[in-house]
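Worksheet: the structure to be examined is printed underneath.
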Amino acid sequence: MRRYLALRDFDWLLLSLVLLLSTISIFEIYSATLHTKFVGFQTKQICWLIGGLAAMFVFSLINYHRLIDIVHWVYGFCMVSLVSVLLFGSRVLGARRWIRLPGGIHFQPSEWVKLVLIVAVARYFSNLAGKELTWGDILKAGLLVGAPMLLVLKQPDLGTSLTYVPVLLVGLFLGGLRWKQALILSLATTALIVPVWSKGLKPYQKQRLTSFLSPENDPRGSGYQVKQSLIAVGDGGIWGRGATKGTQTQGDFLPIPYTDFIFAAFCEEHGFAGALFVLLIYFLILMRLIQNAQTAADLPGTFLIMGIVAVLIFQIAVNVGMVIGFMPVTGIPLPLMSYGGSSVLFTFLALGIVMNIRMSRFVN
Amino acid sequence: MISREEKLPAYKLMVVQYAILAVLLVLISGLWRLQVVGAQTYRSLAEQNRIRKVPILAPRGKLFDRDGRLLVDNYPSVSCFLIRDPNRDIQADLPLIARGLDMTVDQLKSAIESYRIAPKYQPIPLKQDITPDEEEFIEAHRNELPELQTIDEERRLYPRNGFAANLIGYVGEVSDDMLNDPRYAYYEPGDVVGRSGVEQSYDQILRGQDGSEDIIVDSHGRQVGVLGREPAIPGQGLRLTIDLDLQRVAEEAMGARNGALVAMDPHTGEILALVSHPSFDPNKFSVRIGRDDWNKLVTDPQHPLMQKAIQAQLAPGSTFKIIMSVAGLKEGVAQDLKVNCQGGATFYGHFFACDQRHGPVDIHNAIPMSCDTYYYTLAERLGIEKIAYWAHQVGLGRKTGIDLPGEVSGTVPSEEWKLRTFHEKWYAGETISVGIGQGAVAVTPIQLARAIAGIASGGVFKRPHVVDPDELPLDYRKAMYDSFPGSGDATVPIDPQSWETITDGMWAATNSAWGTARVAHLDNIDFAGKTGTAQVVSHSAGMKKVSADVASRANSWFVGIAPRRNPDIVVVVLWEHGGWGNESAPIAARVIEAFVDKQRRLEHNLRQTAPPSTVEVGAVWSGDPSAANLARAASRSGNGDSAAPAQQASLVPPPAGVQGAHFFLKTPSSGGRAKPKAPGRKLN
């Protein structure tokens, strides 16, 4: 059935854009950790990137249909690991998110669930191909995403669990949701928010979700973070204060400037011009991904890439929105910029899938 | 299973593309708002974040005595300040801070509240002079309480046991009243300023100017660099005119007595010693005095915080007779006034008592005997207006202009004064008691010192002061005179005849057998004086706490000079409720003796090193006038016949040949105390 995968068909443009962003990220991690105990994190990040690139190439060789075929097993495994995290996971900062593996590796299953969900959702909706969605289909899709989401929410990891939502939304949208259904669904969601808000969320989560609206009310908690982030971004001005020269970043006023708030650090040191440049690269990456989705050989390919796009744009919007005070502080990293192995591996594995889809276009 | 032909409609992907574009545009608009529109605002916020203005406190100028000996020193100390960080919820930290600094949350809140309108970068002083434990607490909580900052500063170290406390004053945090006073516009909340005494009147010189340091900090308040530094200008030291030795003697002589002592150099007006007892410990004020301590001080019926030398306005009693004598002689009334004292006299239908039957009295023995009858008569002859005129001439009823805060002006009654104050007519009968320094007349010890010094100097009055104006910066000198208005320097010439009469009368008071102050007689020292016993008419409410016996006792005054003419020192002693004036006389005598002893010692030392020169220090009389005068005074008195020979014997005319220190009655080489005591002393 398939002849060969041509390296010529590898998406070199996409890879270049991704590597450019990764390079910027490494420099900013260097700058942001310069005067902290995390100095030298850029080296670790480089290691993660190398690992990520390797994983990407490996995944680009795996036929994505294979992934789709085995996803129910993986999905099951994910559910088990999520439950075991809740039962045996190590508690860090009050939340059970990691499983400690031998060799000092901390495994955070909720990151991987994202990828698995993308595949699962792609499989689910491409199976329904073209047909108009029934309420039963919608409910099943909701359960598919909702079950792991609830488990992650229970950890509690509000941010990561929220990233599962765009996967479902894009799936529904592309899968043939009708306007009427969309309307009813959004009304139902709105109605659901109230009980979830009052019962399902912990007080600190509520505070985090609202404090960005009025940072003054919570000057020490996430309000402090938002405020320092706004100052950092604004302090950058048009051209920025220069690499390693941002006083907010270097003075440790900006919270975790190498992960969640790395974009604020970057904005302070490289200004509006730099921020615009980074957002442009994101835009190009996303457009390129969508182009790949369009040219994908089949529906699963399209659904897979669009799922990835959904997760990426959601994370960008939430993270940058948080940095500039438009969004609550949710602890969602900025893909390709924030320091962190899980985030890097997710992105590059996702890209590997995209590469495979692209290279499979002409394979027949 | 999966049909490859199936494709998603193209518009759906386009919708996603536009959605992405829209999201990014929204983000860009946010960035534009922050980085382009709000760049200035956020830049300054970022600067505020990292820059802290830390005051460098100027050490206060030290105080020295006239010989340059240290009176008030500084010691290093640490104060705790609160940095107002808008990003920190300071209210939530208050309980912890309060625990660590041993304060109450309310205290902290009021400290913060008083800074509500001050610029945010200005640190709030929370606690001064913190203990090592508290310093350790701040150090250990650097991360939890980054808003706490410690600052090294120099703190006042005052002499112990309230030595010269009322003179020196104390420092404390600037009061709200001062902050609202435009004269003190340069004060800022939390400034430590002089609140009393020299510390207050010379605050501008002593305080120096605080500097500041702009330090760069990280979010934990740790210093990571210094941006700029404006060094502090230390306060200037100040040399007082006080003689430490004499002050010590004066403090000891006053002991636990409630009252004041002024020792002044009449030639210049320099205050040599200034005592107001009971005293207080100004070291307690240099931080922040506890409420209990403060209440104890302000409710003490003996008013420890009152500088009685310049603030106690009391009837001068018989010391006023010197001023009466000046008035009488200047008006030409006293010269020929002769009174036969029968233990009092009747004026305007009232009998006014004298404490003794002095018999025939004239101006020469009226002073030493302190005959009331004589001065009743003199007062009647002069009338209140002339008395008031001359009392004003010698500086009573007006502030002297001494460079200490809070001086009061006393009262010289007159017809106009009574009309103005009580809207009543003056009754001639009131004049009689004024003649002996009773009634409405009220003076302060410093006024009396200036007046007596001037009269004994032939009418040259000097502004009393504790800091030599010549040592002050020129522009400041003028301001000092302006801020302490008063009689100042003045000359009211007294003709030599009257001058001699009065000063000889004062000499006889301490030297003759019938002198009221003979108990204070000093051998070998030309020491003259006048007692005063002022009846206490009404007592203030506070005095009720003191036993009625003490409260009703008269105020004891004494004015002493040495030598009797052109004196080198005048001493005024006020002992409230001390009883008779002769009770105070020995106190003054001790001070004068100490003064003379010191002068002699210095003179002696000088002579050993340098050949004796023929310097004349202020002695204006030549030859031996006083002996003749006194002989005349004694012969005229016609009083105390039996005592007369003894009195004559006790007269020691100043030897004409002694040079250099004209209070020498004998040269030091002849043995200071060789002369037997005057027999008058035994008659006591």
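Every chain in the structure tokens takes a letter, A first, then B, and so on in the order presented; its residues are numbered from 1, and the ligands are numbered from 1 following the presented order.
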What are the closest atom pairs, with distances in Å to one decimal, for all residues of chain B lying within 9 Å of chain A? Consider only C-alpha atoms, order rows by chain and residue number, and present the result as a Markdown table.
```
| residue | atom | partner | partner_atom | distance |
| --- | --- | --- | --- | --- |
| B:Met1 | CA | A:Asn127 | CA | 7.8 |
| B:Ile2 | CA | A:Asn127 | CA | 6.8 |
| B:Ser3 | CA | A:Asp298 | CA | 7.3 |
| B:Arg4 | CA | A:Asp298 | CA | 4.8 |
| B:Glu5 | CA | A:Asp298 | CA | 7.2 |
| B:Glu6 | CA | A:Leu299 | CA | 6.6 |
| B:Lys7 | CA | A:Leu299 | CA | 6.2 |
| B:Leu8 | CA | A:Leu299 | CA | 7.2 |
| B:Pro9 | CA | A:Leu174 | CA | 8.5 |
| B:Ala10 | CA | A:Gln294 | CA | 7.6 |
| B:Lys12 | CA | A:Leu174 | CA | 6.6 |
| B:Leu13 | CA | A:Ile290 | CA | 7.1 |
| B:Met14 | CA | A:Ile290 | CA | 8.8 |
| B:Val16 | CA | A:Ile290 | CA | 8.5 |
| B:Gln17 | CA | A:Met287 | CA | 6.9 |
| B:Ile20 | CA | A:Ile313 | CA | 6.8 |
| B:Leu21 | CA | A:Phe283 | CA | 7.4 |
| B:Val23 | CA | A:Ala317 | CA | 6.7 |
| B:Leu24 | CA | A:Leu279 | CA | 7.1 |
| B:Val26 | CA | A:Gly321 | CA | 8.9 |
| B:Leu27 | CA | A:Gly321 | CA | 6.4 |
| B:Ile28 | CA | A:Leu276 | CA | 7.1 |
| B:Gly30 | CA | A:Ile324 | CA | 6.3 |
| B:Leu31 | CA | A:Ile324 | CA | 6.7 |
| B:Trp32 | CA | A:Phe272 | CA | 7.0 |
| B:Arg33 | CA | A:Gly234 | CA | 8.3 |
| B:Leu34 | CA | A:Gly234 | CA | 4.6 |
| B:Gln35 | CA | A:Gly237 | CA | 4.3 |
| B:Val36 | CA | A:Gly237 | CA | 5.6 |
| B:Val37 | CA | A:Gly237 | CA | 8.5 |
| B:Gly38 | CA | A:Gly234 | CA | 6.1 |
| B:Ala39 | CA | A:Gly237 | CA | 4.9 |
| B:Gln40 | CA | A:Asp235 | CA | 7.5 |
| B:Thr41 | CA | A:Gly234 | CA | 7.7 |
| B:Tyr42 | CA | A:Gly234 | CA | 4.9 |
| B:Arg43 | CA | A:Asp235 | CA | 4.4 |
| B:Ser44 | CA | A:Asp235 | CA | 7.9 |
| B:Leu45 | CA | A:Ile231 | CA | 6.5 |
| B:Ala46 | CA | A:Ile231 | CA | 6.0 |
| B:Glu47 | CA | A:Thr247 | CA | 7.9 |
| B:Asn49 | CA | A:Phe253 | CA | 7.8 |
| B:Arg50 | CA | A:Gly251 | CA | 7.0 |
| B:Pro86 | CA | A:Pro219 | CA | 7.4 |
| B:Asn87 | CA | A:Pro219 | CA | 4.9 |
| B:Arg88 | CA | A:Arg220 | CA | 5.4 |
| B:Asp89 | CA | A:Pro219 | CA | 6.2 |
| B:Ile216 | CA | A:Gly251 | CA | 8.7 |
| B:Val217 | CA | A:Gly251 | CA | 7.0 |
| B:Asp218 | CA | A:Gly251 | CA | 4.3 |
| B:Ser219 | CA | A:Phe253 | CA | 4.8 |
| B:His220 | CA | A:Asp252 | CA | 8.0 |
| B:Val224 | CA | A:Gly251 | CA | 8.4 |
```
Generate the output file for the selected residues, N, CA and C atoms, as a short mmCIF file (atom, residue, chain, number, x, y, z; two decimals), in the first residue's frame.
```cif
data_model
loop_
_atom_site.label_atom_id
_atom_site.label_comp_id
_atom_site.auth_asym_id
_atom_site.auth_seq_id
_atom_site.Cartn_x
_atom_site.Cartn_y
_atom_site.Cartn_z
N MET B 1 -12.29 1.40 5.83
CA MET B 1 -12.89 1.99 7.02
C MET B 1 -12.97 3.50 6.88
N ILE B 2 -11.87 4.05 6.47
CA ILE B 2 -11.86 5.49 6.34
C ILE B 2 -11.85 5.85 4.87
N SER B 3 -12.83 6.60 4.49
CA SER B 3 -12.88 6.94 3.07
C SER B 3 -11.99 8.12 2.79
N ARG B 4 -11.10 7.95 1.85
CA ARG B 4 -10.11 8.99 1.58
C ARG B 4 -10.68 10.14 0.78
N GLU B 5 -11.77 9.83 0.10
CA GLU B 5 -12.31 10.88 -0.74
C GLU B 5 -12.93 11.99 0.11
N GLU B 6 -13.33 11.55 1.29
CA GLU B 6 -14.00 12.55 2.12
C GLU B 6 -13.04 13.64 2.54
N LYS B 7 -13.48 14.83 2.38
CA LYS B 7 -12.68 15.99 2.78
C LYS B 7 -13.57 16.90 3.60
N LEU B 8 -12.95 17.60 4.44
CA LEU B 8 -13.71 18.60 5.19
C LEU B 8 -13.97 19.77 4.28
N PRO B 9 -15.09 20.42 4.44
CA PRO B 9 -15.33 21.61 3.64
C PRO B 9 -14.24 22.65 3.89
N ALA B 10 -13.74 23.29 2.87
CA ALA B 10 -12.61 24.21 2.98
C ALA B 10 -12.93 25.39 3.89
N LYS B 12 -14.44 25.47 6.57
CA LYS B 12 -14.29 25.22 8.00
C LYS B 12 -12.86 25.51 8.46
N LEU B 13 -11.89 25.10 7.63
CA LEU B 13 -10.51 25.38 7.99
C LEU B 13 -10.22 26.87 7.92
N MET B 14 -10.89 27.54 6.99
CA MET B 14 -10.71 28.98 6.87
C MET B 14 -11.23 29.69 8.11
N VAL B 16 -11.25 28.46 11.00
CA VAL B 16 -10.23 28.29 12.04
C VAL B 16 -9.08 29.27 11.82
N GLN B 17 -8.67 29.45 10.59
CA GLN B 17 -7.58 30.38 10.29
C GLN B 17 -7.93 31.79 10.75
N ILE B 20 -7.84 32.08 14.43
CA ILE B 20 -6.48 32.21 14.94
C ILE B 20 -5.99 33.64 14.74
N LEU B 21 -6.22 34.17 13.57
CA LEU B 21 -5.80 35.55 13.28
C LEU B 21 -6.43 36.52 14.27
N VAL B 23 -7.56 35.88 17.28
CA VAL B 23 -6.97 35.70 18.61
C VAL B 23 -5.64 36.43 18.69
N LEU B 24 -4.81 36.25 17.65
CA LEU B 24 -3.49 36.88 17.69
C LEU B 24 -3.62 38.40 17.65
N VAL B 26 -6.06 40.15 18.84
CA VAL B 26 -6.46 40.60 20.20
C VAL B 26 -5.23 40.66 21.11
N LEU B 27 -4.40 39.62 21.01
CA LEU B 27 -3.20 39.60 21.84
C LEU B 27 -2.29 40.78 21.49
N ILE B 28 -2.16 41.05 20.21
CA ILE B 28 -1.31 42.16 19.78
C ILE B 28 -1.86 43.49 20.28
N GLY B 30 -3.46 43.92 22.96
CA GLY B 30 -3.09 43.99 24.38
C GLY B 30 -1.65 44.40 24.56
N LEU B 31 -0.79 43.83 23.75
CA LEU B 31 0.62 44.18 23.84
C LEU B 31 0.83 45.65 23.48
N TRP B 32 0.11 46.11 22.47
CA TRP B 32 0.21 47.51 22.06
C TRP B 32 -0.17 48.42 23.22
N ARG B 33 -1.26 48.06 23.87
CA ARG B 33 -1.73 48.90 24.97
C ARG B 33 -0.67 48.98 26.07
N LEU B 34 -0.03 47.85 26.36
CA LEU B 34 0.94 47.84 27.46
C LEU B 34 2.27 48.44 27.04
N GLN B 35 2.73 48.05 25.85
CA GLN B 35 4.12 48.34 25.51
C GLN B 35 4.28 49.65 24.75
N VAL B 36 3.26 50.09 24.10
CA VAL B 36 3.39 51.32 23.34
C VAL B 36 2.66 52.46 24.06
N VAL B 37 1.40 52.21 24.39
CA VAL B 37 0.63 53.27 25.06
C VAL B 37 1.10 53.44 26.50
N GLY B 38 1.23 52.33 27.20
CA GLY B 38 1.51 52.42 28.64
C GLY B 38 2.97 52.30 29.01
N ALA B 39 3.85 52.41 28.02
CA ALA B 39 5.27 52.14 28.28
C ALA B 39 5.81 52.99 29.42
N GLN B 40 5.47 54.29 29.38
CA GLN B 40 6.00 55.20 30.41
C GLN B 40 5.54 54.79 31.80
N THR B 41 4.24 54.54 31.91
CA THR B 41 3.68 54.16 33.21
C THR B 41 4.36 52.93 33.75
N TYR B 42 4.47 51.92 32.89
CA TYR B 42 5.01 50.67 33.39
C TYR B 42 6.50 50.75 33.63
N ARG B 43 7.17 51.62 32.87
CA ARG B 43 8.59 51.82 33.14
C ARG B 43 8.78 52.39 34.54
N SER B 44 7.96 53.37 34.88
CA SER B 44 8.14 53.95 36.20
C SER B 44 7.73 52.98 37.30
N LEU B 45 6.72 52.16 37.00
CA LEU B 45 6.35 51.13 37.98
C LEU B 45 7.49 50.14 38.18
N ALA B 46 8.14 49.81 37.09
CA ALA B 46 9.26 48.87 37.18
C ALA B 46 10.39 49.50 37.99
N GLU B 47 10.60 50.80 37.77
CA GLU B 47 11.66 51.47 38.52
C GLU B 47 11.33 51.49 40.01
N ASN B 49 9.61 49.44 41.55
CA ASN B 49 9.75 48.09 42.04
C ASN B 49 11.15 47.84 42.55
N ARG B 50 12.11 48.29 41.79
CA ARG B 50 13.46 47.83 42.08
C ARG B 50 14.29 48.85 42.84
N PRO B 86 3.45 48.32 47.23
CA PRO B 86 2.03 48.18 46.86
C PRO B 86 1.65 46.76 46.50
N ASN B 87 2.64 45.92 46.23
CA ASN B 87 2.33 44.56 45.83
C ASN B 87 2.24 43.61 47.02
N ARG B 88 2.46 44.18 48.20
CA ARG B 88 2.39 43.30 49.37
C ARG B 88 1.24 43.72 50.25
N ASP B 89 0.62 42.71 50.80
CA ASP B 89 -0.47 42.99 51.73
C ASP B 89 0.15 43.15 53.11
N ILE B 216 19.20 49.32 44.54
CA ILE B 216 18.45 48.43 43.66
C ILE B 216 18.23 47.12 44.41
N VAL B 217 16.99 46.70 44.45
CA VAL B 217 16.69 45.48 45.18
C VAL B 217 16.00 44.49 44.27
N ASP B 218 16.02 43.23 44.67
CA ASP B 218 15.22 42.25 43.95
C ASP B 218 13.89 42.09 44.68
N SER B 219 13.09 41.15 44.23
CA SER B 219 11.74 41.06 44.78
C SER B 219 11.74 40.64 46.23
N HIS B 220 12.87 40.14 46.74
CA HIS B 220 12.93 39.78 48.15
C HIS B 220 13.47 40.91 49.00
N VAL B 224 20.84 44.52 45.50
CA VAL B 224 21.69 43.97 44.45
C VAL B 224 22.56 45.03 43.81
#
```
Write out as a ChimeraX atom specification each polymer residue whose atoms come within 8 Å of Ala379 (chain B), counting only C-alpha atoms; drop sequence neighbours fewer than 2 positions from it. /B:324,375-377,381-384,387,431-432,434-435
Residue subset to file, keeping C-alpha atoms, as a compact mmCIF listing (two decimals), in the first residue's frame:
```txt
# COMPACT_ATOMS: atom_id res chain seq x y z
CA MET B 324 13.16 98.92 94.41
CA TYR B 375 10.42 99.38 101.23
CA TYR B 376 6.73 99.79 102.02
CA THR B 377 7.47 103.43 102.56
CA ARG B 381 6.64 107.39 97.84
CA LEU B 382 7.45 106.08 94.36
CA GLY B 383 4.00 104.94 93.35
CA ILE B 384 3.31 101.90 91.17
CA ILE B 387 8.20 101.04 90.27
CA THR B 431 1.62 99.23 95.62
CA ILE B 432 2.80 98.62 99.17
CA VAL B 434 4.78 95.23 95.41
CA GLY B 435 7.49 97.18 97.28
```
- Distance in Å - CA of Lys114 (chain A) versus CA of Tyr18 (chain B):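 Taking CA of Lys114 (chain A) as the start and CA of Tyr18 (chain B) as the end point, the length is 23.9 Å.
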Residues of region 125-195 of chain B that approach region 276-284 of chain B to 8 Å or less, counting only C-alpha atoms: could you list each one with the shortest pair of atoms and its distance in Å to one decimal, rows by chain and increasing residue number, as a Markdown table?
```
| residue | atom | partner | partner_atom | distance |
| --- | --- | --- | --- | --- |
| B:Arg156 | CA | B:Asn283 | CA | 7.2 |
| B:Leu157 | CA | B:Asn283 | CA | 6.4 |
| B:Tyr158 | CA | B:Asn283 | CA | 5.8 |
| B:Arg160 | CA | B:Asp281 | CA | 6.9 |
| B:Asn161 | CA | B:Asp281 | CA | 6.0 |
| B:Gly162 | CA | B:Asp281 | CA | 4.6 |
| B:Phe163 | CA | B:Ser279 | CA | 7.5 |
| B:Ala164 | CA | B:Ser276 | CA | 7.7 |
| B:Ala165 | CA | B:Pro282 | CA | 6.3 |
| B:Asn166 | CA | B:Ser276 | CA | 6.2 |
| B:Leu167 | CA | B:Ser276 | CA | 7.8 |
| B:Gly169 | CA | B:Pro282 | CA | 7.0 |
| B:Tyr170 | CA | B:Pro282 | CA | 5.3 |
| B:Val171 | CA | B:Pro282 | CA | 7.9 |
```
Can you write just those residues out, C-alpha atoms, as an mmCIF file, in the first residue's frame?
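Here's the written file selection.cif:
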```
data_model
loop_
_atom_site.group_PDB
_atom_site.id
_atom_site.type_symbol
_atom_site.label_atom_id
_atom_site.label_comp_id
_atom_site.auth_asym_id
_atom_site.auth_seq_id
_atom_site.Cartn_x
_atom_site.Cartn_y
_atom_site.Cartn_z
ATOM 1 C CA ARG B 156 21.552 60.587 71.507
ATOM 2 C CA LEU B 157 23.363 59.686 74.678
ATOM 3 C CA TYR B 158 22.582 62.125 77.427
ATOM 4 C CA ARG B 160 22.815 60.212 83.358
ATOM 5 C CA ASN B 161 20.491 60.984 86.218
ATOM 6 C CA GLY B 162 18.910 63.927 84.467
ATOM 7 C CA PHE B 163 22.069 65.995 84.672
ATOM 8 C CA ALA B 164 21.308 69.356 83.043
ATOM 9 C CA ALA B 165 18.340 67.653 81.423
ATOM 10 C CA ASN B 166 16.090 70.691 81.358
ATOM 11 C CA LEU B 167 18.856 72.751 79.858
ATOM 12 C CA GLY B 169 16.386 69.136 76.460
ATOM 13 C CA TYR B 170 15.681 65.977 74.561
ATOM 14 C CA VAL B 171 14.953 64.749 71.087
#
```
In Å and to one decimal, CA of Val39 (chain A) is distant from CA of Ser25 (chain A) by 14.5 Å
I'd like to know which residues of region 376-592 of chain B are helix (DSSP H, G or I) (by DSSP, run on the backbone); could you write them as JSON, numbers by chain? {"B": [376, 377, 378, 379, 380, 381, 382, 383, 384, 385, 386, 387, 388, 389, 390, 391, 392, 393, 415, 416, 417, 418, 419, 420, 421, 422, 428, 429, 430, 431, 432, 433, 434, 445, 446, 447, 448, 449, 450, 451, 452, 453, 454, 455, 456, 469, 470, 471, 474, 475, 476, 477, 478, 479, 480, 481, 482, 483, 496, 497, 498, 499, 500, 501, 502, 503, 504, 505, 506, 507, 508, 509, 510, 511, 518, 519, 520, 541, 542, 543, 544, 545, 548, 549, 550, 551, 552, 581, 582, 583, 584, 585, 586, 587, 588, 589, 590, 591, 592]}
Could you pull out the strand (DSSP E or B) residues of region 107-205 of chain B, going by DSSP on the backbone, and write them as a list in words?
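Filtering region 107-205 of chain B down to strand (DSSP E or B) leaves Ile124, Pro125, Leu126, Lys127, Leu148, Gln149, Thr150, Ile151, Asp152, Glu153, Glu154, Arg155, Arg156, Leu157, Val171, Gly172, Glu173, Val192, Val193 and Gly194 of chain B.
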Would you save the residues from that selection as a PDB file, in the first residue's frame, using C-alpha atoms?
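See part.pdb below for the written result:
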```pdb
ATOM      1  CA  ILE B 124       7.941  54.407  57.585  1.00  0.00           C
ATOM      2  CA  PRO B 125       9.928  54.309  60.804  1.00  0.00           C
ATOM      3  CA  LEU B 126       8.429  51.501  62.842  1.00  0.00           C
ATOM      4  CA  LYS B 127      10.706  51.165  65.801  1.00  0.00           C
ATOM      5  CA  LEU B 148      11.191  45.500  56.765  1.00  0.00           C
ATOM      6  CA  GLN B 149      14.388  47.419  56.491  1.00  0.00           C
ATOM      7  CA  THR B 150      16.953  48.248  59.104  1.00  0.00           C
ATOM      8  CA  ILE B 151      18.896  51.453  59.136  1.00  0.00           C
ATOM      9  CA  ASP B 152      21.922  52.313  61.201  1.00  0.00           C
ATOM     10  CA  GLU B 153      21.851  55.614  62.894  1.00  0.00           C
ATOM     11  CA  GLU B 154      23.450  57.581  65.648  1.00  0.00           C
ATOM     12  CA  ARG B 155      21.355  58.089  68.699  1.00  0.00           C
ATOM     13  CA  ARG B 156      21.552  60.587  71.507  1.00  0.00           C
ATOM     14  CA  LEU B 157      23.363  59.686  74.678  1.00  0.00           C
ATOM     15  CA  VAL B 171      14.953  64.749  71.087  1.00  0.00           C
ATOM     16  CA  GLY B 172      11.902  62.927  69.925  1.00  0.00           C
ATOM     17  CA  GLU B 173       9.854  62.253  66.882  1.00  0.00           C
ATOM     18  CA  VAL B 192      13.876  63.100  65.159  1.00  0.00           C
ATOM     19  CA  VAL B 193      13.990  66.672  66.321  1.00  0.00           C
ATOM     20  CA  GLY B 194      14.843  68.598  69.447  1.00  0.00           C
TER      21      GLY B 194
END
```
